[in-house]
>>> print(open('query-v1.tsv').read())   # TSV, N, CA and C atoms
chain	number	residue	atom	x	y	z
A	1	MET	N	-41.28	30.79	-6.03
A	1	MET	CA	-40.33	30.39	-5.00
A	1	MET	C	-39.51	29.17	-5.45
A	2	ARG	N	-40.17	28.24	-6.10
A	2	ARG	CA	-39.48	27.03	-6.55
A	2	ARG	C	-38.42	27.36	-7.60
A	3	ILE	N	-38.72	28.31	-8.48
A	3	ILE	CA	-37.76	28.71	-9.51
A	3	ILE	C	-36.54	29.37	-8.86
A	4	ALA	N	-36.78	30.21	-7.88
A	4	ALA	CA	-35.68	30.90	-7.19
A	4	ALA	C	-34.77	29.89	-6.48
A	5	SER	N	-35.35	28.91	-5.82
A	5	SER	CA	-34.53	27.93	-5.12
A	5	SER	C	-33.76	27.05	-6.11
A	6	THR	N	-34.36	26.75	-7.25
A	6	THR	CA	-33.67	25.97	-8.28
A	6	THR	C	-32.49	26.75	-8.84
A	7	LEU	N	-32.69	28.04	-9.10
A	7	LEU	CA	-31.60	28.88	-9.61
A	7	LEU	C	-30.48	29.01	-8.59
A	8	LEU	N	-30.85	29.14	-7.33
A	8	LEU	CA	-29.85	29.23	-6.27
A	8	LEU	C	-29.04	27.93	-6.19
A	9	LEU	N	-29.71	26.81	-6.28
A	9	LEU	CA	-29.04	25.51	-6.24
A	9	LEU	C	-28.10	25.35	-7.43
A	10	LEU	N	-28.54	25.75	-8.61
A	10	LEU	CA	-27.68	25.67	-9.80
A	10	LEU	C	-26.47	26.59	-9.66
A	11	GLY	N	-26.67	27.77	-9.12
A	11	GLY	CA	-25.56	28.70	-8.91
A	11	GLY	C	-24.55	28.16	-7.92
A	12	LEU	N	-25.02	27.57	-6.84
A	12	LEU	CA	-24.11	26.99	-5.85
A	12	LEU	C	-23.36	25.80	-6.41
A	13	THR	N	-24.02	25.00	-7.21
A	13	THR	CA	-23.37	23.85	-7.83
A	13	THR	C	-22.27	24.31	-8.78
A	14	ALA	N	-22.52	25.34	-9.55
A	14	ALA	CA	-21.52	25.87	-10.48
A	14	ALA	C	-20.32	26.41	-9.71
A	15	CYS	N	-20.57	27.13	-8.62
A	15	CYS	CA	-19.47	27.66	-7.81
A	15	CYS	C	-18.65	26.53	-7.19
A	16	ALA	N	-19.31	25.50	-6.74
A	16	ALA	CA	-18.59	24.37	-6.14
A	16	ALA	C	-17.71	23.69	-7.17
A	17	GLY	N	-18.17	23.58	-8.40
A	17	GLY	CA	-17.37	22.96	-9.45
A	17	GLY	C	-16.13	23.78	-9.77
A	18	VAL	N	-16.27	25.09	-9.83
A	18	VAL	CA	-15.13	25.96	-10.09
A	18	VAL	C	-14.15	25.90	-8.92
A	19	ASN	N	-14.67	25.92	-7.71
A	19	ASN	CA	-13.82	25.89	-6.52
A	19	ASN	C	-13.06	24.57	-6.43
A	20	ALA	N	-13.68	23.46	-6.77
A	20	ALA	CA	-13.01	22.16	-6.72
A	20	ALA	C	-11.88	22.09	-7.73
A	21	ALA	N	-12.06	22.71	-8.88
A	21	ALA	CA	-11.01	22.70	-9.90
A	21	ALA	C	-9.84	23.58	-9.50
A	22	ALA	N	-10.08	24.56	-8.63
A	22	ALA	CA	-9.04	25.48	-8.22
A	22	ALA	C	-8.12	24.89	-7.14
A	23	HIS	N	-8.51	23.80	-6.52
A	23	HIS	CA	-7.69	23.19	-5.48
A	23	HIS	C	-6.43	22.59	-6.09
A	24	ASP	N	-5.37	22.59	-5.30
A	24	ASP	CA	-4.15	22.00	-5.84
A	24	ASP	C	-4.28	20.49	-5.94
A	25	GLN	N	-3.44	19.90	-6.75
A	25	GLN	CA	-3.48	18.47	-7.03
A	25	GLN	C	-2.26	17.75	-6.45
A	26	SER	N	-1.68	18.30	-5.38
A	26	SER	CA	-0.49	17.72	-4.77
A	26	SER	C	-0.79	16.31	-4.26
A	27	TYR	N	0.24	15.47	-4.24
A	27	TYR	CA	0.08	14.09	-3.76
A	27	TYR	C	1.38	13.60	-3.16
A	28	GLY	N	1.27	12.67	-2.24
A	28	GLY	CA	2.45	12.05	-1.62
A	28	GLY	C	3.05	10.99	-2.52
A	29	LEU	N	4.35	10.82	-2.43
A	29	LEU	CA	5.01	9.80	-3.24
A	29	LEU	C	4.84	8.42	-2.60
A	30	PRO	N	4.97	7.36	-3.38
A	30	PRO	CA	4.78	6.01	-2.84
A	30	PRO	C	5.90	5.61	-1.87
A	31	SER	N	5.71	4.48	-1.21
A	31	SER	CA	6.73	4.01	-0.28
A	31	SER	C	7.93	3.46	-1.03
A	32	GLY	N	9.06	3.40	-0.36
A	32	GLY	CA	10.28	2.89	-0.95
A	32	GLY	C	11.47	3.73	-0.52
A	33	ILE	N	12.64	3.35	-0.98
A	33	ILE	CA	13.87	4.07	-0.67
A	33	ILE	C	13.99	5.27	-1.60
A	34	ALA	N	14.37	6.42	-1.06
A	34	ALA	CA	14.51	7.64	-1.85
A	34	ALA	C	15.88	7.67	-2.51
A	35	SER	N	16.10	6.74	-3.42
A	35	SER	CA	17.37	6.70	-4.15
A	35	SER	C	17.36	7.79	-5.22
A	36	TYR	N	18.52	8.03	-5.80
A	36	TYR	CA	18.62	9.01	-6.86
A	36	TYR	C	17.67	8.66	-8.01
A	37	ASP	N	17.69	7.39	-8.41
A	37	ASP	CA	16.84	6.96	-9.53
A	37	ASP	C	15.36	7.10	-9.22
A	38	ALA	N	14.96	6.73	-8.00
A	38	ALA	CA	13.55	6.83	-7.61
A	38	ALA	C	13.09	8.28	-7.58
A	39	LEU	N	13.93	9.16	-7.02
A	39	LEU	CA	13.57	10.58	-6.97
A	39	LEU	C	13.55	11.19	-8.37
A	40	ALA	N	14.46	10.76	-9.24
A	40	ALA	CA	14.47	11.27	-10.61
A	40	ALA	C	13.21	10.82	-11.36
A	41	ARG	N	12.82	9.55	-11.18
A	41	ARG	CA	11.63	9.02	-11.84
A	41	ARG	C	10.37	9.74	-11.35
A	42	GLU	N	10.23	9.85	-10.04
A	42	GLU	CA	9.06	10.53	-9.46
A	42	GLU	C	9.07	12.01	-9.80
A	43	GLY	N	10.26	12.61	-9.85
A	43	GLY	CA	10.38	14.02	-10.20
A	43	GLY	C	9.93	14.28	-11.63
A	44	ALA	N	10.27	13.38	-12.55
A	44	ALA	CA	9.86	13.52	-13.95
A	44	ALA	C	8.34	13.40	-14.07
A	45	THR	N	7.76	12.45	-13.34
A	45	THR	CA	6.30	12.27	-13.37
A	45	THR	C	5.62	13.51	-12.80
A	46	CYS	N	6.15	14.00	-11.69
A	46	CYS	CA	5.58	15.17	-11.03
A	46	CYS	C	5.70	16.40	-11.95
A	47	LYS	N	6.85	16.58	-12.57
A	47	LYS	CA	7.06	17.72	-13.45
A	47	LYS	C	6.11	17.68	-14.64
A	48	ALA	N	5.84	16.48	-15.15
A	48	ALA	CA	4.91	16.33	-16.27
A	48	ALA	C	3.50	16.77	-15.89
A	49	ARG	N	3.19	16.72	-14.61
A	49	ARG	CA	1.88	17.16	-14.12
A	49	ARG	C	1.89	18.62	-13.69
A	50	GLY	N	3.03	19.28	-13.86
A	50	GLY	CA	3.13	20.70	-13.53
A	50	GLY	C	3.61	20.99	-12.12
A	51	GLY	N	4.23	20.01	-11.46
A	51	GLY	CA	4.65	20.20	-10.08
A	51	GLY	C	6.13	20.01	-9.86
A	52	THR	N	6.53	20.07	-8.60
A	52	THR	CA	7.91	19.82	-8.19
A	52	THR	C	7.89	18.93	-6.96
A	53	VAL	N	8.89	18.05	-6.86
A	53	VAL	CA	9.00	17.17	-5.69
A	53	VAL	C	9.64	17.96	-4.56
A	54	LYS	N	9.04	17.84	-3.38
A	54	LYS	CA	9.55	18.52	-2.19
A	54	LYS	C	9.56	17.56	-1.02
A	55	ALA	N	10.51	17.77	-0.10
A	55	ALA	CA	10.55	16.97	1.13
A	55	ALA	C	9.44	17.45	2.05
A	56	SER	N	8.84	16.51	2.76
A	56	SER	CA	7.75	16.88	3.67
A	56	SER	C	8.26	17.58	4.91
A	57	GLY	N	9.54	17.41	5.21
A	57	GLY	CA	10.09	18.04	6.41
A	57	GLY	C	9.86	17.21	7.67
A	58	GLN	N	9.26	16.07	7.50
A	58	GLN	CA	8.98	15.19	8.63
A	58	GLN	C	9.50	13.80	8.31
A	59	GLY	N	9.95	13.11	9.31
A	59	GLY	CA	10.36	11.72	9.12
A	59	GLY	C	11.73	11.58	8.49
A	60	ASP	N	12.01	10.37	8.09
A	60	ASP	CA	13.30	9.98	7.51
A	60	ASP	C	13.33	10.34	6.03
A	61	GLN	N	14.20	11.24	5.65
A	61	GLN	CA	14.25	11.70	4.27
A	61	GLN	C	14.88	10.69	3.32
A	62	THR	N	15.29	9.54	3.83
A	62	THR	CA	15.76	8.48	2.94
A	62	THR	C	14.59	7.63	2.45
A	63	MET	N	13.39	7.92	2.93
A	63	MET	CA	12.19	7.19	2.52
A	63	MET	C	11.40	8.03	1.53
A	64	LEU	N	11.05	7.44	0.40
A	64	LEU	CA	10.33	8.13	-0.66
A	64	LEU	C	8.98	8.67	-0.19
A	65	SER	N	8.35	7.98	0.74
A	65	SER	CA	7.03	8.40	1.21
A	65	SER	C	7.08	9.69	2.03
A	66	ASN	N	8.28	10.17	2.36
A	66	ASN	CA	8.40	11.43	3.08
A	66	ASN	C	8.63	12.60	2.14
A	67	TYR	N	8.30	12.42	0.88
A	67	TYR	CA	8.34	13.47	-0.14
A	67	TYR	C	6.96	13.58	-0.76
A	68	PHE	N	6.68	14.71	-1.38
A	68	PHE	CA	5.41	14.87	-2.07
A	68	PHE	C	5.61	15.69	-3.33
A	69	CYS	N	4.67	15.55	-4.24
A	69	CYS	CA	4.66	16.33	-5.48
A	69	CYS	C	3.74	17.52	-5.23
A	70	SER	N	4.33	18.70	-5.24
A	70	SER	CA	3.57	19.93	-5.01
A	70	SER	C	3.14	20.50	-6.35
A	71	ILE	N	1.84	20.45	-6.60
A	71	ILE	CA	1.28	20.98	-7.84
A	71	ILE	C	0.36	22.14	-7.46
A	72	PRO	N	0.74	23.37	-7.80
A	72	PRO	CA	-0.11	24.51	-7.45
A	72	PRO	C	-1.45	24.45	-8.17
A	73	ALA	N	-2.44	25.11	-7.60
A	73	ALA	CA	-3.76	25.14	-8.20
A	73	ALA	C	-3.68	25.70	-9.61
A	74	GLY	N	-4.34	25.03	-10.53
A	74	GLY	CA	-4.39	25.46	-11.91
A	74	GLY	C	-3.19	25.06	-12.74
A	75	ALA	N	-2.17	24.42	-12.15
A	75	ALA	CA	-0.97	24.05	-12.89
A	75	ALA	C	-1.04	22.64	-13.46
A	76	SER	N	-2.00	21.85	-13.02
A	76	SER	CA	-2.10	20.46	-13.46
A	76	SER	C	-2.36	20.39	-14.95
A	77	LYS	N	-1.64	19.52	-15.63
A	77	LYS	CA	-1.81	19.37	-17.08
A	77	LYS	C	-2.70	18.20	-17.39
>>> encode(input="query-v1.tsv", output="structure tokens")
Amino acid sequence: MRIASTLLLLGLTACAGVNAAAHDQSYGLPSGIASYDALAREGATCKARGGTVKASGQGDQTMLSNYFCSIPAGASK
């Protein structure tokens, strides 16, 4: 019985590790004004990680914090 429960625990741990890696790595951009230069800088950083900058659709779009870097699962470099 102890061996079976140990194997079950190891199997669940392995599945949890794979599932955690499959989650997307999207993140919100820092605070500040969403100027052309700021969006270009954040966009380059986001693109280097395999994502694209998108507007959140909420709040004042002149604020950088109302944008996020959308990185699909498995695309993170």
>>> atom_distance(input="query-v1.tsv", atom1="atom CA of Gly51 of chain A", atom2="atom CA of Ala34 of chain A")
18.0 Å
>>> residues_around(input="query-v1.tsv", residues="Ile33 of chain A", least_positions_apart="5", cutoff="7 Å", atoms="all atoms listed in the file", output="PDB file with N, CA and C atoms, keeping the file's coordinate frame")
ATOM      1  N   ALA A  38      14.960   6.730  -8.000  1.00  0.00           N
ATOM      2  CA  ALA A  38      13.550   6.830  -7.610  1.00  0.00           C
ATOM      3  C   ALA A  38      13.090   8.280  -7.580  1.00  0.00           C
ATOM      4  N   LEU A  39      13.930   9.160  -7.020  1.00  0.00           N
ATOM      5  CA  LEU A  39      13.570  10.580  -6.970  1.00  0.00           C
ATOM      6  C   LEU A  39      13.550  11.190  -8.370  1.00  0.00           C
ATOM      7  N   THR A  62      15.290   9.540   3.830  1.00  0.00           N
ATOM      8  CA  THR A  62      15.760   8.480   2.940  1.00  0.00           C
ATOM      9  C   THR A  62      14.590   7.630   2.450  1.00  0.00           C
ATOM     10  N   MET A  63      13.390   7.920   2.930  1.00  0.00           N
ATOM     11  CA  MET A  63      12.190   7.190   2.520  1.00  0.00           C
ATOM     12  C   MET A  63      11.400   8.030   1.530  1.00  0.00           C
ATOM     13  N   LEU A  64      11.050   7.440   0.400  1.00  0.00           N
ATOM     14  CA  LEU A  64      10.330   8.130  -0.660  1.00  0.00           C
ATOM     15  C   LEU A  64       8.980   8.670  -0.190  1.00  0.00           C
ATOM     16  N   SER A  65       8.350   7.980   0.740  1.00  0.00           N
ATOM     17  CA  SER A  65       7.030   8.400   1.210  1.00  0.00           C
ATOM     18  C   SER A  65       7.080   9.690   2.030  1.00  0.00           C
TER      19      SER A  65
END
>>> atom_distance(input="query-v1.tsv", atom1="atom CA of Gly43 of chain A", atom2="atom N of Ile71 of chain A")
11.3 Å
>>> atom_distance(input="query-v1.tsv", atom1="atom CA of Ser26 of chain A", atom2="atom CA of Gln61 of chain A")
18.3 Å
>>> residues_around(input="query-v1.tsv", residues="Phe68 of chain A", least_positions_apart="6", cutoff="7 Å", atoms="all atoms listed in the file", output="VMD selection string")
chain A and resid 26 to 29 52 to 56
>>> write_last_selection(input="query-v1.tsv", atoms="N, CA and C atoms", output="PDB file, in the coordinates of the input")
ATOM      1  N   SER A  26      -1.680  18.300  -5.380  1.00  0.00           N
ATOM      2  CA  SER A  26      -0.490  17.720  -4.770  1.00  0.00           C
ATOM      3  C   SER A  26      -0.790  16.310  -4.260  1.00  0.00           C
ATOM      4  N   TYR A  27       0.240  15.470  -4.240  1.00  0.00           N
ATOM      5  CA  TYR A  27       0.080  14.090  -3.760  1.00  0.00           C
ATOM      6  C   TYR A  27       1.380  13.600  -3.160  1.00  0.00           C
ATOM      7  N   GLY A  28       1.270  12.670  -2.240  1.00  0.00           N
ATOM      8  CA  GLY A  28       2.450  12.050  -1.620  1.00  0.00           C
ATOM      9  C   GLY A  28       3.050  10.990  -2.520  1.00  0.00           C
ATOM     10  N   LEU A  29       4.350  10.820  -2.430  1.00  0.00           N
ATOM     11  CA  LEU A  29       5.010   9.800  -3.240  1.00  0.00           C
ATOM     12  C   LEU A  29       4.840   8.420  -2.600  1.00  0.00           C
ATOM     13  N   THR A  52       6.530  20.070  -8.600  1.00  0.00           N
ATOM     14  CA  THR A  52       7.910  19.820  -8.190  1.00  0.00           C
ATOM     15  C   THR A  52       7.890  18.930  -6.960  1.00  0.00           C
ATOM     16  N   VAL A  53       8.890  18.050  -6.860  1.00  0.00           N
ATOM     17  CA  VAL A  53       9.000  17.170  -5.690  1.00  0.00           C
ATOM     18  C   VAL A  53       9.640  17.960  -4.560  1.00  0.00           C
ATOM     19  N   LYS A  54       9.040  17.840  -3.380  1.00  0.00           N
ATOM     20  CA  LYS A  54       9.550  18.520  -2.190  1.00  0.00           C
ATOM     21  C   LYS A  54       9.560  17.560  -1.020  1.00  0.00           C
ATOM     22  N   ALA A  55      10.510  17.770  -0.100  1.00  0.00           N
ATOM     23  CA  ALA A  55      10.550  16.970   1.130  1.00  0.00           C
ATOM     24  C   ALA A  55       9.440  17.450   2.050  1.00  0.00           C
ATOM     25  N   SER A  56       8.840  16.510   2.760  1.00  0.00           N
ATOM     26  CA  SER A  56       7.750  16.880   3.670  1.00  0.00           C
ATOM     27  C   SER A  56       8.260  17.580   4.910  1.00  0.00           C
TER      28      SER A  56
END
>>> residues_around(input="query-v1.tsv", residues="Asp24 of chain A", least_positions_apart="3", cutoff="6 Å", atoms="all atoms listed in the file", output="list in words")
Ile71, Pro72, Ala73 and Gly74 of chain A
